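Visitor: Hey, dropping my_file_11.cif in here, mmCIF, N, CA, C and O atoms:
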```cif
data_upload
loop_
_atom_site.label_atom_id
_atom_site.label_comp_id
_atom_site.auth_asym_id
_atom_site.auth_seq_id
_atom_site.Cartn_x
_atom_site.Cartn_y
_atom_site.Cartn_z
N MET A 1289 62.79 -19.59 100.07
CA MET A 1289 62.98 -18.17 99.98
C MET A 1289 62.70 -17.77 98.54
O MET A 1289 63.12 -18.41 97.60
N VAL A 1290 61.95 -16.71 98.36
CA VAL A 1290 61.61 -16.19 97.04
C VAL A 1290 62.33 -14.87 96.85
O VAL A 1290 62.26 -13.99 97.69
N PHE A 1291 63.03 -14.74 95.74
CA PHE A 1291 63.75 -13.50 95.45
C PHE A 1291 62.94 -12.68 94.46
O PHE A 1291 62.30 -13.21 93.57
N LEU A 1292 63.01 -11.37 94.62
CA LEU A 1292 62.31 -10.47 93.72
C LEU A 1292 63.10 -10.32 92.43
O LEU A 1292 64.32 -10.17 92.45
N GLY A 1293 62.39 -10.33 91.33
CA GLY A 1293 63.02 -10.09 90.04
C GLY A 1293 62.99 -8.60 89.73
O GLY A 1293 62.38 -7.82 90.45
N PRO A 1294 63.60 -8.18 88.63
CA PRO A 1294 63.59 -6.78 88.25
C PRO A 1294 62.15 -6.28 88.08
O PRO A 1294 61.35 -6.91 87.41
N GLY A 1295 61.84 -5.18 88.73
CA GLY A 1295 60.51 -4.60 88.64
C GLY A 1295 59.48 -5.21 89.57
O GLY A 1295 58.36 -4.74 89.64
N ASP A 1296 59.81 -6.27 90.28
CA ASP A 1296 58.86 -6.91 91.20
C ASP A 1296 58.91 -6.24 92.55
O ASP A 1296 59.97 -6.02 93.12
N GLY A 1297 57.74 -5.93 93.08
CA GLY A 1297 57.62 -5.55 94.47
C GLY A 1297 58.10 -4.18 94.87
O GLY A 1297 58.23 -3.92 96.04
N CYS A 1298 58.37 -3.30 93.96
CA CYS A 1298 58.86 -1.98 94.35
C CYS A 1298 57.97 -0.88 93.79
O CYS A 1298 57.50 -0.97 92.66
N TRP A 1299 57.76 0.13 94.56
CA TRP A 1299 57.10 1.35 94.12
C TRP A 1299 55.84 1.09 93.32
O TRP A 1299 55.75 1.37 92.14
N GLY A 1300 54.84 0.54 93.99
CA GLY A 1300 53.54 0.37 93.38
C GLY A 1300 53.28 -0.99 92.77
O GLY A 1300 52.17 -1.30 92.40
N HIS A 1301 54.28 -1.82 92.63
CA HIS A 1301 54.06 -3.16 92.11
C HIS A 1301 53.58 -4.07 93.23
O HIS A 1301 53.83 -3.83 94.39
N GLN A 1302 52.90 -5.15 92.85
CA GLN A 1302 52.41 -6.07 93.87
C GLN A 1302 53.58 -6.73 94.58
O GLN A 1302 54.53 -7.15 93.97
N LEU A 1303 53.45 -6.81 95.90
CA LEU A 1303 54.53 -7.36 96.72
C LEU A 1303 54.07 -8.55 97.53
O LEU A 1303 54.86 -9.36 97.95
N SER A 1304 52.77 -8.67 97.74
CA SER A 1304 52.24 -9.57 98.76
C SER A 1304 52.76 -11.00 98.68
O SER A 1304 53.12 -11.56 99.69
N ARG A 1305 52.79 -11.62 97.52
CA ARG A 1305 53.17 -13.02 97.46
C ARG A 1305 54.65 -13.23 97.18
O ARG A 1305 55.12 -14.34 97.15
N HIS A 1306 55.40 -12.16 96.97
CA HIS A 1306 56.81 -12.29 96.62
C HIS A 1306 57.74 -12.08 97.80
O HIS A 1306 58.94 -12.17 97.65
N ILE A 1307 57.21 -11.74 98.94
CA ILE A 1307 58.06 -11.40 100.07
C ILE A 1307 58.67 -12.65 100.69
O ILE A 1307 58.00 -13.61 100.96
N MET A 1308 59.92 -12.62 100.90
CA MET A 1308 60.83 -13.50 101.61
C MET A 1308 60.53 -14.99 101.61
O MET A 1308 61.08 -15.69 100.83
N THR A 1309 59.73 -15.48 102.51
CA THR A 1309 59.66 -16.92 102.67
C THR A 1309 58.24 -17.40 102.88
O THR A 1309 57.45 -16.76 103.54
N GLU A 1310 57.94 -18.51 102.26
CA GLU A 1310 56.68 -19.20 102.49
C GLU A 1310 56.99 -20.56 103.10
O GLU A 1310 56.16 -21.45 103.08
N ASP A 1311 58.18 -20.72 103.60
CA ASP A 1311 58.65 -21.99 104.15
C ASP A 1311 57.97 -22.26 105.48
O ASP A 1311 58.33 -21.68 106.50
N THR A 1312 56.98 -23.14 105.49
CA THR A 1312 56.23 -23.42 106.72
C THR A 1312 56.97 -24.40 107.62
O THR A 1312 56.47 -24.72 108.69
N THR A 1313 58.14 -24.89 107.19
CA THR A 1313 58.91 -25.74 108.10
C THR A 1313 59.65 -24.91 109.14
O THR A 1313 60.06 -25.43 110.16
N LEU A 1314 59.79 -23.60 108.87
CA LEU A 1314 60.40 -22.71 109.86
C LEU A 1314 59.35 -22.34 110.89
O LEU A 1314 58.18 -22.13 110.55
N PRO A 1315 59.74 -22.21 112.16
CA PRO A 1315 58.79 -21.74 113.17
C PRO A 1315 58.31 -20.33 112.85
O PRO A 1315 59.03 -19.54 112.21
N ALA A 1316 57.11 -20.00 113.28
CA ALA A 1316 56.53 -18.68 113.01
C ALA A 1316 57.44 -17.56 113.50
O ALA A 1316 57.58 -16.54 112.84
N ARG A 1317 58.07 -17.75 114.66
CA ARG A 1317 58.98 -16.73 115.19
C ARG A 1317 60.13 -16.47 114.23
O ARG A 1317 60.55 -15.33 114.03
N GLU A 1318 60.68 -17.52 113.65
CA GLU A 1318 61.82 -17.36 112.75
C GLU A 1318 61.39 -16.69 111.45
O GLU A 1318 62.10 -15.86 110.90
N ARG A 1319 60.20 -17.06 110.94
CA ARG A 1319 59.69 -16.39 109.74
C ARG A 1319 59.48 -14.90 110.00
O ARG A 1319 59.79 -14.07 109.16
N LEU A 1320 58.96 -14.56 111.19
CA LEU A 1320 58.77 -13.16 111.55
C LEU A 1320 60.10 -12.42 111.57
O LEU A 1320 60.22 -11.32 111.02
N ARG A 1321 61.12 -13.02 112.17
CA ARG A 1321 62.44 -12.38 112.23
C ARG A 1321 62.99 -12.15 110.83
O ARG A 1321 63.53 -11.08 110.53
N ILE A 1322 62.82 -13.11 109.94
CA ILE A 1322 63.30 -12.97 108.57
C ILE A 1322 62.60 -11.80 107.88
O ILE A 1322 63.24 -10.97 107.22
N HIS A 1323 61.29 -11.71 108.05
CA HIS A 1323 60.53 -10.62 107.42
C HIS A 1323 60.94 -9.26 107.98
O HIS A 1323 61.10 -8.29 107.22
N LEU A 1324 61.12 -9.17 109.29
CA LEU A 1324 61.53 -7.90 109.89
C LEU A 1324 62.91 -7.46 109.41
O LEU A 1324 63.13 -6.29 109.07
N ARG A 1325 63.84 -8.41 109.37
CA ARG A 1325 65.20 -8.07 108.91
C ARG A 1325 65.21 -7.64 107.46
O ARG A 1325 65.89 -6.70 107.08
N GLU A 1326 64.44 -8.34 106.61
CA GLU A 1326 64.41 -7.99 105.19
C GLU A 1326 63.73 -6.64 104.99
O GLU A 1326 64.18 -5.83 104.17
N ALA A 1327 62.68 -6.37 105.73
CA ALA A 1327 62.01 -5.07 105.63
C ALA A 1327 62.95 -3.95 106.04
O ALA A 1327 63.01 -2.91 105.39
N ARG A 1328 63.69 -4.17 107.13
CA ARG A 1328 64.65 -3.15 107.57
C ARG A 1328 65.74 -2.93 106.53
O ARG A 1328 66.15 -1.81 106.24
N ARG A 1329 66.19 -4.01 105.92
CA ARG A 1329 67.25 -3.93 104.92
C ARG A 1329 66.80 -3.18 103.66
O ARG A 1329 67.60 -2.49 103.04
N THR A 1330 65.54 -3.31 103.30
CA THR A 1330 65.09 -2.77 102.02
C THR A 1330 64.37 -1.43 102.12
O THR A 1330 64.04 -0.84 101.09
N THR A 1331 64.13 -0.93 103.32
CA THR A 1331 63.40 0.33 103.42
C THR A 1331 64.27 1.53 103.06
O THR A 1331 65.48 1.52 103.28
N ASP A 1332 63.62 2.52 102.49
CA ASP A 1332 64.31 3.78 102.19
C ASP A 1332 63.95 4.86 103.20
O ASP A 1332 64.48 5.96 103.13
N SER A 1333 63.07 4.53 104.13
CA SER A 1333 62.59 5.51 105.11
C SER A 1333 63.34 5.38 106.42
O SER A 1333 63.31 4.32 107.05
N PRO A 1334 64.01 6.43 106.88
CA PRO A 1334 64.70 6.37 108.17
C PRO A 1334 63.73 6.12 109.34
O PRO A 1334 64.08 5.44 110.29
N ILE A 1335 62.51 6.64 109.22
CA ILE A 1335 61.52 6.44 110.29
C ILE A 1335 61.11 4.97 110.36
O ILE A 1335 61.06 4.38 111.44
N VAL A 1336 60.85 4.36 109.20
CA VAL A 1336 60.49 2.95 109.16
C VAL A 1336 61.65 2.10 109.64
O VAL A 1336 61.47 1.13 110.38
N GLU A 1337 62.86 2.45 109.26
CA GLU A 1337 64.04 1.69 109.69
C GLU A 1337 64.16 1.68 111.22
O GLU A 1337 64.44 0.64 111.82
N VAL A 1338 63.92 2.82 111.86
CA VAL A 1338 63.98 2.90 113.32
C VAL A 1338 62.89 2.02 113.95
O VAL A 1338 63.14 1.30 114.92
N GLN A 1339 61.69 2.05 113.37
CA GLN A 1339 60.60 1.23 113.90
C GLN A 1339 60.90 -0.27 113.74
O GLN A 1339 60.65 -1.06 114.64
N LEU A 1340 61.45 -0.64 112.60
CA LEU A 1340 61.80 -2.06 112.38
C LEU A 1340 62.93 -2.49 113.29
O LEU A 1340 62.95 -3.63 113.78
N GLU A 1341 63.89 -1.62 113.54
CA GLU A 1341 64.97 -1.93 114.49
C GLU A 1341 64.40 -2.16 115.88
O GLU A 1341 64.80 -3.10 116.58
N ALA A 1342 63.43 -1.32 116.28
CA ALA A 1342 62.78 -1.50 117.59
C ALA A 1342 62.00 -2.81 117.62
O ALA A 1342 62.00 -3.52 118.64
N ALA A 1343 61.35 -3.17 116.52
CA ALA A 1343 60.62 -4.44 116.46
C ALA A 1343 61.57 -5.63 116.59
O ALA A 1343 61.27 -6.61 117.28
N LEU A 1344 62.73 -5.55 115.94
CA LEU A 1344 63.73 -6.63 116.07
C LEU A 1344 64.28 -6.71 117.49
O LEU A 1344 64.51 -7.81 118.01
N ASP A 1345 64.49 -5.57 118.13
CA ASP A 1345 64.94 -5.58 119.52
C ASP A 1345 63.89 -6.24 120.42
O ASP A 1345 64.24 -7.04 121.30
N ALA A 1346 62.62 -5.93 120.18
CA ALA A 1346 61.54 -6.54 120.96
C ALA A 1346 61.49 -8.04 120.69
O ALA A 1346 61.29 -8.84 121.60
N TRP A 1347 61.70 -8.44 119.44
CA TRP A 1347 61.71 -9.86 119.08
C TRP A 1347 62.83 -10.58 119.84
O TRP A 1347 62.64 -11.68 120.35
N ASN A 1348 64.00 -9.94 119.91
CA ASN A 1348 65.14 -10.54 120.62
C ASN A 1348 64.86 -10.73 122.11
O ASN A 1348 65.45 -11.59 122.76
N ASP A 1349 63.97 -9.89 122.68
CA ASP A 1349 63.64 -9.98 124.10
C ASP A 1349 62.58 -11.04 124.40
O ASP A 1349 62.32 -11.33 125.58
N LEU A 1350 61.96 -11.62 123.38
CA LEU A 1350 60.93 -12.63 123.60
C LEU A 1350 61.54 -13.90 124.18
O LEU A 1350 62.67 -14.26 123.85
N PRO A 1351 60.79 -14.60 125.02
CA PRO A 1351 61.29 -15.89 125.51
C PRO A 1351 61.29 -16.91 124.37
O PRO A 1351 60.56 -16.73 123.39
N PRO A 1352 62.10 -17.95 124.48
CA PRO A 1352 62.12 -18.97 123.42
C PRO A 1352 60.76 -19.66 123.29
O PRO A 1352 59.99 -19.72 124.25
N THR A 1353 60.50 -20.18 122.12
CA THR A 1353 59.26 -20.92 121.88
C THR A 1353 59.28 -22.19 122.74
O THR A 1353 60.23 -22.97 122.66
N PRO A 1354 58.23 -22.40 123.54
CA PRO A 1354 58.21 -23.62 124.36
C PRO A 1354 58.01 -24.85 123.47
O PRO A 1354 57.32 -24.78 122.45
N LEU A 1355 58.62 -25.94 123.86
CA LEU A 1355 58.46 -27.19 123.14
C LEU A 1355 57.20 -27.90 123.60
O LEU A 1355 56.79 -27.78 124.75
N TRP A 1356 56.59 -28.62 122.70
CA TRP A 1356 55.40 -29.42 123.02
C TRP A 1356 55.75 -30.89 122.98
O TRP A 1356 56.68 -31.31 122.31
N GLU A 1357 54.97 -31.67 123.70
CA GLU A 1357 55.11 -33.12 123.67
C GLU A 1357 53.85 -33.72 123.08
O GLU A 1357 52.74 -33.35 123.46
N CYS A 1358 54.01 -34.63 122.12
CA CYS A 1358 52.87 -35.33 121.54
C CYS A 1358 52.27 -36.23 122.60
O CYS A 1358 52.98 -37.03 123.25
N LEU A 1359 50.97 -36.13 122.80
CA LEU A 1359 50.29 -36.93 123.82
C LEU A 1359 50.17 -38.40 123.42
O LEU A 1359 49.96 -39.26 124.27
N VAL A 1360 50.35 -38.69 122.14
CA VAL A 1360 50.22 -40.06 121.65
C VAL A 1360 51.55 -40.81 121.72
O VAL A 1360 51.65 -41.88 122.28
N CYS A 1361 52.61 -40.19 121.13
CA CYS A 1361 53.87 -40.92 121.02
C CYS A 1361 54.99 -40.38 121.92
O CYS A 1361 56.03 -41.00 122.03
N GLY A 1362 54.78 -39.21 122.51
CA GLY A 1362 55.78 -38.64 123.40
C GLY A 1362 56.87 -37.84 122.72
O GLY A 1362 57.77 -37.31 123.38
N LYS A 1363 56.80 -37.70 121.39
CA LYS A 1363 57.81 -36.92 120.67
C LYS A 1363 57.74 -35.47 121.13
O LYS A 1363 56.67 -34.92 121.35
N VAL A 1364 58.91 -34.81 121.28
CA VAL A 1364 58.98 -33.43 121.74
C VAL A 1364 59.55 -32.58 120.61
O VAL A 1364 60.50 -32.97 119.94
N GLY A 1365 58.95 -31.38 120.42
CA GLY A 1365 59.45 -30.48 119.38
C GLY A 1365 58.69 -29.18 119.36
O GLY A 1365 57.86 -28.90 120.23
N LEU A 1366 58.97 -28.39 118.35
CA LEU A 1366 58.27 -27.11 118.17
C LEU A 1366 56.79 -27.37 117.91
O LEU A 1366 56.43 -28.36 117.27
N PRO A 1367 55.92 -26.48 118.40
CA PRO A 1367 54.47 -26.69 118.24
C PRO A 1367 54.06 -26.95 116.79
O PRO A 1367 53.26 -27.85 116.52
N GLU A 1368 54.62 -26.17 115.83
CA GLU A 1368 54.27 -26.35 114.42
C GLU A 1368 54.61 -27.75 113.92
O GLU A 1368 53.88 -28.34 113.14
N ARG A 1369 55.72 -28.27 114.39
CA ARG A 1369 56.16 -29.58 113.93
C ARG A 1369 55.41 -30.71 114.62
O ARG A 1369 55.11 -31.73 114.01
N ILE A 1370 55.10 -30.54 115.89
CA ILE A 1370 54.34 -31.57 116.61
C ILE A 1370 52.93 -31.67 116.02
O ILE A 1370 52.40 -32.77 115.85
N GLN A 1371 52.33 -30.55 115.67
CA GLN A 1371 50.99 -30.58 115.07
C GLN A 1371 50.99 -31.28 113.72
O GLN A 1371 49.98 -31.89 113.34
N GLN A 1372 52.10 -31.24 112.98
CA GLN A 1372 52.15 -31.81 111.64
C GLN A 1372 52.81 -33.18 111.57
O GLN A 1372 52.75 -33.82 110.54
N HIS A 1373 53.43 -33.64 112.65
CA HIS A 1373 54.16 -34.90 112.56
C HIS A 1373 53.21 -36.09 112.51
O HIS A 1373 52.04 -35.99 112.86
N ARG A 1374 53.74 -37.20 112.07
CA ARG A 1374 52.95 -38.43 112.01
C ARG A 1374 53.44 -39.36 113.11
O ARG A 1374 54.59 -39.77 113.11
N CYS A 1375 52.55 -39.68 114.00
CA CYS A 1375 52.89 -40.62 115.08
C CYS A 1375 53.01 -42.03 114.53
O CYS A 1375 52.40 -42.38 113.53
N GLY A 1376 53.75 -42.86 115.24
CA GLY A 1376 53.85 -44.26 114.89
C GLY A 1376 52.51 -44.97 114.90
O GLY A 1376 52.27 -45.91 114.15
N SER A 1377 51.59 -44.50 115.72
CA SER A 1377 50.27 -45.14 115.81
C SER A 1377 49.38 -44.81 114.63
O SER A 1377 48.39 -45.48 114.40
N GLU A 1378 49.72 -43.77 113.84
CA GLU A 1378 48.89 -43.37 112.70
C GLU A 1378 49.30 -44.10 111.43
O GLU A 1378 48.62 -43.99 110.43
N ARG A 1379 50.41 -44.77 111.42
CA ARG A 1379 50.91 -45.41 110.17
C ARG A 1379 50.22 -46.70 109.90
O ARG A 1379 49.75 -47.45 110.60
#
```
Transcribe the structure of this file into structure tokens.

Guide:
Amino acid sequence: MVFLGPGDGCWGHQLSRHIMTEDTTLPARERLRIHLREARRTTDSPIVEVQLEAALDAWNDLPPTPLWECLVCGKVGLPERIQQHRCGSER
């Protein structure tokens, strides 16, 4: 998680690389939820806040991320982790 320092990311300052998390060990769904919650928390616009609340409600209605099974070793897990794991046969 990256925290903004004084003067970072507000009112015309660059924000792109300073937002919330670059932690790729979290599933994409969880990173999305973190970004939506932080955006809702930091907005000054009531219209944007309502839209972000609706986006979080829609996120809550999504089905859980299906687990994948590695075809080589049979390990089961989140797609991001199965794609990056090292099978016993690769060592």

Visitor: Atom O of Lys1363 in chain A to atom O of Cys1375 in chain A: how many Å, to one decimal?

Guide: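 Separation between atom O of Lys1363 in chain A and atom O of Cys1375 in chain A: 11.6 Å.
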
Visitor: May I have the centre and edge lengths, in Å to one decimal, of an axis-aligned box around the listed atoms of range 1341-1359 of chain A with 8 Å added to every side, as JSON?

Guide:
```
{"center_x": 57.7, "center_y": -20.3, "center_z": 119.6, "size_x": 31.5, "size_y": 53.9, "size_z": 28.0}
```

Visitor: When you draw a straight line from atom C of Pro1352 in chain A to CA of Arg1317 in chain A, how long is it in Å?

Guide: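 For atom C of Pro1352 in chain A relative to CA of Arg1317 in chain A, the distance reads 8.8 Å.
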
Visitor: What is the distance, in Å and to one decimal place, between CA of Arg1369 in chain A and atom N of Ala1343 in chain A?

Guide: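 Interatomic distance, CA of Arg1369 in chain A to atom N of Ala1343 in chain A: 27.0 Å.
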
Visitor: For the file shown, report as a PyMOL selection string the outcome of the PyMOL selection byres (((chain A and resi 1361 and name CA) around 12) and name CA) at residue level.

Guide: chain A and resi 1356-1360+1362-1365+1370+1373-1378
